[in-house]
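Text of the file entry.csv, holding CSV, C-alpha atoms:
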```csv
chain,number,residue,atom,x,y,z
A,1,MET,CA,60.7,45.4,-80.2
A,2,ILE,CA,58.4,47.0,-82.6
A,3,ALA,CA,55.9,49.6,-81.4
A,4,ALA,CA,56.8,49.2,-77.8
A,5,PRO,CA,57.2,52.9,-76.6
A,6,PRO,CA,60.9,53.1,-76.1
A,7,ALA,CA,62.3,53.8,-72.7
A,8,ALA,CA,63.3,57.4,-73.3
A,9,ALA,CA,65.9,59.4,-71.5
A,10,GLU,CA,64.6,62.6,-70.0
A,11,GLY,CA,67.2,65.1,-68.7
A,12,GLY,CA,69.6,62.3,-67.8
A,13,ARG,CA,66.9,60.3,-66.0
A,14,LYS,CA,65.8,57.0,-67.6
A,15,LEU,CA,62.0,56.7,-68.1
A,16,ALA,CA,60.6,53.3,-67.6
A,17,GLY,CA,58.5,51.8,-70.4
A,18,PRO,CA,54.8,51.0,-69.8
A,19,LEU,CA,55.3,47.3,-69.4
A,20,GLU,CA,58.0,47.4,-66.7
A,21,GLN,CA,55.4,48.0,-63.9
A,22,PHE,CA,54.3,44.4,-64.3
A,23,GLU,CA,57.7,42.9,-63.7
A,24,VAL,CA,57.7,40.4,-60.8
A,25,LYS,CA,60.6,41.1,-58.5
A,26,ARG,CA,62.0,38.7,-56.0
A,27,LEU,CA,62.1,40.4,-52.6
A,28,VAL,CA,63.2,37.5,-50.5
A,29,PRO,CA,64.8,34.7,-52.6
A,30,ILE,CA,63.8,31.3,-51.3
A,31,THR,CA,64.6,28.1,-53.2
A,32,ILE,CA,63.0,24.8,-52.2
A,33,GLY,CA,64.8,22.0,-53.9
A,34,SER,CA,64.9,23.2,-57.5
A,35,THR,CA,61.7,25.3,-57.2
A,36,ASP,CA,61.8,29.0,-56.9
A,37,ALA,CA,59.5,29.9,-54.1
A,38,SER,CA,60.7,33.4,-53.5
A,39,PHE,CA,58.6,36.0,-51.7
A,40,THR,CA,58.0,38.4,-54.6
A,41,ASN,CA,56.3,41.8,-54.9
A,42,ALA,CA,53.2,39.9,-56.0
A,43,SER,CA,53.2,37.8,-52.8
A,44,LEU,CA,53.8,41.0,-50.8
A,45,PHE,CA,50.7,42.6,-52.2
A,46,MET,CA,48.6,39.5,-51.9
A,47,ALA,CA,49.6,39.4,-48.2
A,48,LEU,CA,48.8,43.1,-47.9
A,49,ALA,CA,45.4,42.5,-49.4
A,50,VAL,CA,44.6,39.8,-46.9
A,51,VAL,CA,45.9,42.0,-44.0
A,52,ALA,CA,43.8,45.0,-45.3
A,53,ILE,CA,40.7,42.9,-45.6
A,54,THR,CA,41.2,41.5,-42.1
A,55,VAL,CA,41.8,44.9,-40.5
A,56,PHE,CA,38.8,46.3,-42.4
A,57,LEU,CA,36.4,43.6,-41.2
A,58,VAL,CA,37.7,42.8,-37.7
A,59,GLY,CA,38.3,46.5,-36.9
A,60,GLY,CA,34.9,47.5,-38.3
A,61,MET,CA,33.0,45.0,-36.3
A,62,ARG,CA,34.9,45.6,-33.1
A,63,GLY,CA,32.3,48.0,-31.8
A,64,ARG,CA,29.3,45.7,-32.4
A,65,ALA,CA,27.0,48.6,-32.0
A,66,LEU,CA,23.3,48.1,-32.8
A,67,ILE,CA,23.3,51.3,-34.7
A,68,PRO,CA,26.5,51.1,-36.7
A,69,GLY,CA,29.1,53.9,-37.0
A,70,ARG,CA,30.9,54.6,-40.3
A,71,TRP,CA,33.4,51.8,-40.3
A,72,GLN,CA,31.0,49.2,-39.0
A,73,SER,CA,28.5,50.4,-41.7
A,74,MET,CA,31.0,49.8,-44.4
A,75,ALA,CA,32.0,46.3,-43.1
A,76,GLU,CA,28.3,45.4,-42.9
A,77,LEU,CA,27.7,46.9,-46.3
A,78,SER,CA,30.3,44.7,-48.0
A,79,TYR,CA,28.8,41.6,-46.2
A,80,GLU,CA,25.3,42.5,-47.2
A,81,PHE,CA,26.3,43.2,-50.8
A,82,VAL,CA,27.8,39.8,-51.3
A,83,ALA,CA,25.1,38.0,-49.2
A,84,GLY,CA,22.5,39.6,-51.5
A,85,MET,CA,24.3,38.6,-54.6
A,86,VAL,CA,24.6,35.0,-53.4
A,87,ARG,CA,20.9,34.9,-52.2
A,88,GLU,CA,19.6,36.2,-55.5
A,89,ASN,CA,21.9,34.4,-57.9
A,90,VAL,CA,22.5,31.1,-56.3
A,91,GLY,CA,19.3,30.7,-54.3
A,92,SER,CA,18.6,29.4,-50.8
A,93,LYS,CA,20.8,26.3,-51.4
A,94,GLY,CA,23.8,28.5,-52.0
A,95,ARG,CA,24.2,29.7,-48.4
A,96,GLN,CA,27.0,27.2,-47.7
A,97,TYR,CA,29.1,28.8,-50.5
A,98,PHE,CA,28.9,32.3,-49.1
A,99,PRO,CA,32.3,32.3,-47.3
A,100,LEU,CA,33.9,31.2,-50.6
A,101,ILE,CA,32.2,33.9,-52.7
A,102,PHE,CA,32.8,36.6,-50.1
A,103,SER,CA,36.5,35.7,-49.8
A,104,LEU,CA,36.8,35.7,-53.6
A,105,PHE,CA,35.1,39.1,-54.0
A,106,MET,CA,37.1,40.8,-51.2
A,107,PHE,CA,40.4,39.4,-52.4
A,108,ILE,CA,39.9,40.5,-56.0
A,109,LEU,CA,38.4,43.9,-54.9
A,110,PHE,CA,41.3,44.7,-52.5
A,111,GLY,CA,43.8,43.4,-55.0
A,112,ASN,CA,42.5,45.7,-57.7
A,113,LEU,CA,42.2,48.7,-55.5
A,114,LEU,CA,45.6,48.3,-53.9
A,115,GLY,CA,47.0,48.4,-57.5
A,116,MET,CA,45.6,52.0,-57.8
A,117,ILE,CA,48.0,53.2,-55.2
A,118,PRO,CA,51.0,54.8,-57.0
A,119,TYR,CA,54.2,52.7,-56.9
A,120,SER,CA,52.2,49.6,-56.0
A,121,PHE,CA,51.8,46.3,-57.8
A,122,THR,CA,48.6,44.9,-59.1
A,123,PHE,CA,48.7,41.2,-58.6
A,124,THR,CA,45.5,40.7,-60.6
A,125,SER,CA,47.2,42.0,-63.7
A,126,HIS,CA,49.1,38.7,-64.1
A,127,ILE,CA,47.4,36.0,-66.1
A,128,ILE,CA,48.8,33.3,-63.8
A,129,VAL,CA,47.1,34.8,-60.8
A,130,THR,CA,43.7,35.3,-62.4
A,131,PHE,CA,44.0,31.9,-64.1
A,132,ALA,CA,44.6,30.3,-60.7
A,133,LEU,CA,41.5,32.0,-59.3
A,134,ALA,CA,39.4,31.1,-62.4
A,135,ALA,CA,40.6,27.5,-62.5
A,136,PHE,CA,39.8,27.2,-58.8
A,137,VAL,CA,36.3,28.5,-59.4
A,138,PHE,CA,35.8,26.1,-62.4
A,139,VAL,CA,37.0,23.1,-60.4
A,140,VAL,CA,34.8,23.9,-57.4
A,141,VAL,CA,31.7,24.5,-59.6
A,142,THR,CA,32.3,21.2,-61.5
A,143,VAL,CA,32.9,19.2,-58.3
A,144,VAL,CA,29.8,20.7,-56.7
A,145,ALA,CA,27.7,19.8,-59.8
A,146,LEU,CA,29.2,16.2,-59.9
A,147,ALA,CA,28.7,15.7,-56.2
A,148,ARG,CA,25.1,16.9,-56.3
A,149,HIS,CA,23.9,15.2,-59.5
A,150,GLY,CA,26.4,12.4,-60.2
A,151,LEU,CA,26.4,11.3,-63.8
A,152,HIS,CA,23.1,13.2,-64.4
A,153,PHE,CA,25.4,16.3,-64.5
A,154,PHE,CA,26.1,15.4,-68.2
A,155,THR,CA,22.6,16.2,-69.2
A,156,TYR,CA,23.5,19.8,-68.6
A,157,PHE,CA,25.1,19.8,-72.0
A,158,PHE,CA,21.8,18.9,-73.7
A,159,PRO,CA,19.2,21.4,-72.7
A,160,GLN,CA,15.7,20.1,-72.3
A,161,GLY,CA,13.3,20.8,-75.1
A,162,ALA,CA,15.9,21.0,-77.8
A,163,PRO,CA,15.2,18.7,-80.8
A,164,VAL,CA,17.1,15.5,-80.5
A,165,ALA,CA,18.3,15.7,-84.1
A,166,MET,CA,20.4,18.7,-83.2
A,167,ALA,CA,22.2,16.9,-80.4
A,168,PRO,CA,25.4,16.2,-82.3
A,169,LEU,CA,25.6,19.9,-83.0
A,170,ILE,CA,24.5,21.3,-79.6
A,171,ILE,CA,26.5,19.0,-77.3
A,172,PRO,CA,30.0,19.9,-78.6
A,173,ILE,CA,29.1,23.6,-78.6
A,174,GLU,CA,27.8,23.4,-75.1
A,175,ILE,CA,30.8,21.5,-73.8
A,176,LEU,CA,33.2,24.0,-75.5
A,177,SER,CA,31.4,26.9,-74.0
A,178,TYR,CA,31.5,25.3,-70.6
A,179,LEU,CA,35.3,24.7,-70.9
A,180,SER,CA,35.8,28.3,-72.0
A,181,ARG,CA,34.5,29.6,-68.7
A,182,PRO,CA,37.8,29.7,-66.8
A,183,VAL,CA,39.5,31.1,-69.9
A,184,SER,CA,37.0,34.0,-70.2
A,185,LEU,CA,36.8,34.6,-66.5
A,186,SER,CA,40.6,34.9,-66.1
A,187,ILE,CA,41.3,36.9,-69.3
A,188,ARG,CA,38.5,39.4,-68.5
A,189,LEU,CA,40.1,40.3,-65.2
A,190,PHE,CA,43.7,40.1,-66.3
A,191,ALA,CA,43.2,42.1,-69.5
A,192,ASN,CA,41.1,44.8,-67.8
A,193,MET,CA,43.8,45.4,-65.2
A,194,MET,CA,46.8,45.2,-67.5
A,195,ALA,CA,45.3,47.4,-70.2
A,196,GLY,CA,44.2,50.0,-67.6
A,197,HIS,CA,47.5,50.2,-66.0
A,198,THR,CA,49.4,50.2,-69.3
A,199,MET,CA,47.3,53.1,-70.5
A,200,LEU,CA,47.9,55.1,-67.2
A,201,LYS,CA,51.6,54.5,-67.7
A,202,VAL,CA,51.6,55.6,-71.3
A,203,PHE,CA,49.8,58.8,-70.6
A,204,ALA,CA,52.1,59.4,-67.6
A,205,MET,CA,55.0,59.1,-70.0
A,206,PHE,CA,53.4,61.6,-72.4
A,207,THR,CA,53.0,64.0,-69.5
A,208,VAL,CA,56.7,63.9,-68.6
A,209,LEU,CA,57.9,64.0,-72.2
A,210,MET,CA,55.7,66.9,-73.4
A,211,GLY,CA,57.1,69.4,-70.9
A,212,ILE,CA,54.9,72.5,-70.7
A,213,PHE,CA,52.1,71.0,-72.7
A,214,GLY,CA,51.9,68.0,-70.3
A,215,PHE,CA,48.7,69.3,-68.7
A,216,ALA,CA,46.7,67.7,-71.5
A,217,PRO,CA,47.8,64.1,-71.0
A,218,LEU,CA,47.7,64.8,-67.2
A,219,ALA,CA,44.0,65.7,-67.5
A,220,VAL,CA,43.4,62.5,-69.4
A,221,ASN,CA,45.3,60.6,-66.7
A,222,VAL,CA,43.1,62.1,-64.0
A,223,ALA,CA,40.0,60.9,-65.8
A,224,LEU,CA,41.5,57.6,-66.5
A,225,THR,CA,42.4,57.0,-62.8
A,226,GLY,CA,38.8,57.6,-61.9
A,227,PHE,CA,37.7,55.2,-64.6
A,228,GLU,CA,40.2,52.6,-63.4
A,229,VAL,CA,38.9,52.7,-59.8
A,230,LEU,CA,35.4,52.1,-61.3
A,231,VAL,CA,36.8,49.2,-63.4
A,232,ALA,CA,38.6,47.8,-60.3
A,233,VAL,CA,35.3,47.5,-58.4
A,234,LEU,CA,33.3,46.5,-61.5
A,235,GLN,CA,35.6,43.6,-62.4
A,236,ALA,CA,35.6,42.2,-58.9
A,237,TYR,CA,31.8,42.4,-59.0
A,238,VAL,CA,31.6,40.7,-62.5
A,239,PHE,CA,34.0,37.9,-61.4
A,240,THR,CA,31.9,37.2,-58.3
A,241,ILE,CA,28.5,37.4,-60.0
A,242,LEU,CA,29.6,35.1,-62.8
A,243,THR,CA,30.9,32.6,-60.1
A,244,CYS,CA,27.4,32.9,-58.5
A,245,LEU,CA,25.7,32.2,-61.8
A,246,TYR,CA,27.9,29.2,-62.5
A,247,LEU,CA,27.2,27.9,-59.1
A,248,HIS,CA,23.5,28.3,-59.7
A,249,ASP,CA,23.9,26.3,-62.9
A,250,ALA,CA,25.8,23.6,-61.1
A,251,ILE,CA,23.2,23.3,-58.3
A,252,HIS,CA,20.1,23.6,-60.4
A,253,LEU,CA,21.5,22.1,-63.6
A,254,HIS,CA,20.0,24.6,-66.0
B,1,MET,CA,57.6,41.2,-96.0
B,2,GLU,CA,59.5,42.0,-92.8
B,3,VAL,CA,58.3,40.3,-89.6
B,4,ALA,CA,58.0,43.7,-87.9
B,5,ALA,CA,55.8,45.1,-90.6
B,6,ALA,CA,53.6,42.0,-90.7
B,7,LYS,CA,53.2,42.2,-86.9
B,8,ALA,CA,52.1,45.8,-87.1
B,9,ILE,CA,49.5,45.0,-89.8
B,10,GLY,CA,48.3,42.0,-87.9
B,11,ALA,CA,47.8,44.0,-84.7
B,12,GLY,CA,46.0,46.7,-86.7
B,13,ILE,CA,43.6,44.1,-88.2
B,14,ALA,CA,43.0,42.5,-84.8
B,15,VAL,CA,41.6,45.7,-83.3
B,16,ILE,CA,38.9,45.9,-86.0
B,17,ALA,CA,36.9,43.7,-83.7
B,18,LEU,CA,36.4,46.7,-81.5
B,19,LEU,CA,33.8,47.9,-84.0
B,20,GLY,CA,31.4,45.2,-82.9
B,21,VAL,CA,32.1,45.9,-79.3
B,22,GLY,CA,31.3,49.6,-79.7
B,23,VAL,CA,28.0,48.8,-81.3
B,24,GLY,CA,27.3,46.3,-78.5
B,25,ILE,CA,28.0,48.6,-75.7
B,26,GLY,CA,26.0,51.4,-77.3
B,27,ASN,CA,23.1,49.0,-77.7
B,28,ILE,CA,23.2,48.0,-74.0
B,29,PHE,CA,23.2,51.5,-72.7
B,30,SER,CA,20.6,52.7,-75.1
B,31,ASN,CA,18.3,49.9,-74.0
B,32,LEU,CA,19.1,50.6,-70.4
B,33,ILE,CA,18.2,54.3,-70.8
B,34,ALA,CA,15.0,53.4,-72.7
B,35,ALA,CA,14.0,50.9,-70.0
B,36,ILE,CA,14.6,53.4,-67.2
B,37,ALA,CA,12.8,56.1,-69.1
B,38,ARG,CA,9.7,53.9,-69.5
B,39,ASN,CA,9.7,52.8,-65.9
B,40,PRO,CA,11.8,54.8,-63.5
B,41,ALA,CA,10.8,52.6,-60.6
B,42,ALA,CA,12.7,49.7,-62.2
B,43,ARG,CA,16.0,51.4,-61.9
B,44,GLU,CA,17.5,49.4,-59.1
B,45,GLN,CA,16.5,46.1,-60.8
B,46,VAL,CA,17.7,47.0,-64.3
B,47,PHE,CA,20.9,48.9,-63.6
B,48,PRO,CA,23.0,46.0,-62.1
B,49,ILE,CA,22.1,43.8,-65.1
B,50,GLY,CA,23.0,46.7,-67.4
B,51,ILE,CA,26.4,47.1,-65.8
B,52,LEU,CA,27.0,43.3,-65.9
B,53,GLY,CA,26.2,43.3,-69.6
B,54,PHE,CA,28.6,46.2,-70.1
B,55,ALA,CA,31.4,44.4,-68.3
B,56,LEU,CA,30.9,41.2,-70.3
B,57,THR,CA,30.9,43.1,-73.6
B,58,GLU,CA,34.0,45.0,-72.6
B,59,ALA,CA,35.7,41.7,-71.9
B,60,VAL,CA,35.3,40.9,-75.6
B,61,ALA,CA,37.1,44.1,-76.5
B,62,LEU,CA,39.9,43.1,-74.2
B,63,PHE,CA,40.1,39.7,-75.8
B,64,ALA,CA,40.8,41.5,-79.1
B,65,LEU,CA,43.3,43.8,-77.5
B,66,LEU,CA,45.0,40.7,-76.0
B,67,ILE,CA,45.3,39.1,-79.4
B,68,ALA,CA,46.8,42.4,-80.7
B,69,PHE,CA,49.4,42.4,-77.9
B,70,LEU,CA,50.2,38.8,-78.5
B,71,ILE,CA,50.8,39.5,-82.2
B,72,LEU,CA,52.9,42.5,-81.4
B,73,PHE,CA,55.0,41.3,-78.6
B,74,ALA,CA,55.0,37.5,-78.6
```
Render the structure in this file as structure tokens.
Amino acid sequence: MIAAPPAAAEGGRKLAGPLEQFEVKRLVPITIGSTDASFTNASLFMALAVVAITVFLVGGMRGRALIPGRWQSMAELSYEFVAGMVRENVGSKGRQYFPLIFSLFMFILFGNLLGMIPYSFTFTSHIIVTFALAAFVFVVVTVVALARHGLHFFTYFFPQGAPVAMAPLIIPIEILSYLSRPVSLSIRLFANMMAGHTMLKVFAMFTVLMGIFGFAPLAVNVALTGFEVLVAVLQAYVFTILTCLYLHDAIHLH
Amino acid sequence: MEVAAAKAIGAGIAVIALLGVGVGIGNIFSNLIAAIARNPAAREQVFPIGILGFALTEAVALFALLIAFLILFA
């Protein structure tokens, strides 16, 4: 394959290429009929993310102190952060969607952060996972809009105040941009995670291959790791706030 | 032309799009700094929007990178 950094041999050890970390491995092969429903490393890390979130929240709130300790503070902080986001961006009618937004945010956040642990697997770096999340958001937002406004929903594609003569131009463009939401939502998260981890792996390969001068790519890797943690949190935030904005559009139709 | 050479050239052309993204991100942060400099009290209001804008612009960079990868490896 052209330009793929070759898997090099280093002192008898084989060095993995930068794209091997994304390989989905079957841990427990399960076949239902003719479908492969194996428990893979992606499934393992999704389960781990859910367990981590549960432990974090349930364990944090166990004390129920009026003046929170550190753990309770962090659990309350995560709640208040997402609650504030929903309140500001969806409005008062959005309260019923809070559990959905909170689950989405915590799942993506913990998924991204778990991927920063060495030797782990980032399940959000797979397009099918992020596409499933984005498609789910898209379907929920569209169903909410249709349920609330019925057929009046289709006036969303023709903003008020625009000259009627422009309608044949505006409406297709608006529809296209609406349909591109799940695409952009999923690709943003997937590409950020995949590109970040690929870069980390490439610089790690340089560190090993350069021998004594490996401290230079190592320094870059340290900086990159810090940046990747920031990106992990940021991408979870961006996914969630865009979902809130789409929900606002669906509820208020503008 | 060999397929491999064409792929390399295609991937190279695909990342020219990052020029626009660089300008865009610089624009966002320069306006963010100017806004905070004019009115330091608005920092908590303006900063999250600035970060959101940065993340959305960076997404465009990653779309270009995705196309480059698709050309090279698919």
List as CSV every residue of chain A that is in contact with chain B, defined as an atom at most 7 Å from one of its atoms (using all atoms listed in the file), together with the nearest atom pair and the distance in Å rounded to one decimal, sorted by chain and then rising number.
```
residue,atom,partner,partner_atom,distance
A:Ile2,CA,B:Ala4,CA,6.3
A:Arg188,CA,B:Ala59,CA,5.0
A:Ala191,CA,B:Leu62,CA,5.8
A:Asn192,CA,B:Leu62,CA,6.7
A:Val238,CA,B:Leu52,CA,6.3
```
Correct to one decimal, the distance CA of Thr40 in chain A-CA of Leu27 in chain A is 5.0 Å
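Across the structure, CA of Gly94 in chain A and CA of Val141 in chain A are spaced 11.7 Å apart.
Between CA of Phe110 in chain A and CA of Leu19 in chain A there is a distance of 22.1 Å.
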Need the shell around range 130-133 of chain A: protein/DNA/RNA residues with any atom at most 7 Å away, counting all atoms listed in the file. Skip same-chain ones fewer than 6 positions apart. Format as a PyMOL selection string? chain A and resi 124+186+189-190
Taking C-alpha atoms for each residue, export the selection above as a short mmCIF file (atom, residue, chain, number, x, y, z; two decimals), in the frame of the given file.
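Result file follows (part_12.cif):
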```cif
data_model
loop_
_atom_site.label_atom_id
_atom_site.label_comp_id
_atom_site.auth_asym_id
_atom_site.auth_seq_id
_atom_site.Cartn_x
_atom_site.Cartn_y
_atom_site.Cartn_z
CA THR A 124 45.50 40.70 -60.60
CA SER A 186 40.60 34.90 -66.10
CA LEU A 189 40.10 40.30 -65.20
CA PHE A 190 43.70 40.10 -66.30
#
```
Residues near Val24 in chain A, anyone? I mean within 10 Å using only C-alpha atoms, not counting same-chain ones fewer than 4 positions away, as a PDB file with C-alpha atoms, in the coordinates of the input.
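As written to disk, part04.pdb reads:
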```pdb
ATOM      1  CA  GLU A  20      58.000  47.400 -66.700  1.00  0.00           C
ATOM      2  CA  THR A  40      58.000  38.400 -54.600  1.00  0.00           C
ATOM      3  CA  ASN A  41      56.300  41.800 -54.900  1.00  0.00           C
ATOM      4  CA  ALA A  42      53.200  39.900 -56.000  1.00  0.00           C
ATOM      5  CA  SER A  43      53.200  37.800 -52.800  1.00  0.00           C
ATOM      6  CA  PHE A 121      51.800  46.300 -57.800  1.00  0.00           C
ATOM      7  CA  PHE A 123      48.700  41.200 -58.600  1.00  0.00           C
ATOM      8  CA  HIS A 126      49.100  38.700 -64.100  1.00  0.00           C
TER       9      HIS A 126
END
```
Write out as number ranges by chain each polymer residue whose atoms come within 12 Å of Gly26 in chain B, counting all atoms listed in the file; drop sequence neighbours fewer than 3 positions from it. B: 19-23, 29-33, 50, 53-54, 57-58
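Comparing the minimum interatomic distances between Gln72 in chain A and each of A:Leu57, A:Ala167, A:Ala147, A:Leu179, counting all atoms listed in the file, we find that A:Leu57 sits nearest.
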Would you kindly return, as a list in words, each protein, DNA or RNA residue with an atom no farther than 9 Å from any atom of Pro159 in chain A, considering all atoms listed in the file and excluding same-chain residues fewer than 2 positions away? Thr155, Tyr156, Phe157, Gly161, Ala162, Ile170, Ile171 and His254 of chain A
Between A:Val222, A:Val208, A:Val139, A:Ala16, smallest distance to Ala250 in chain A by all atoms listed in the file belongs to A:Val139
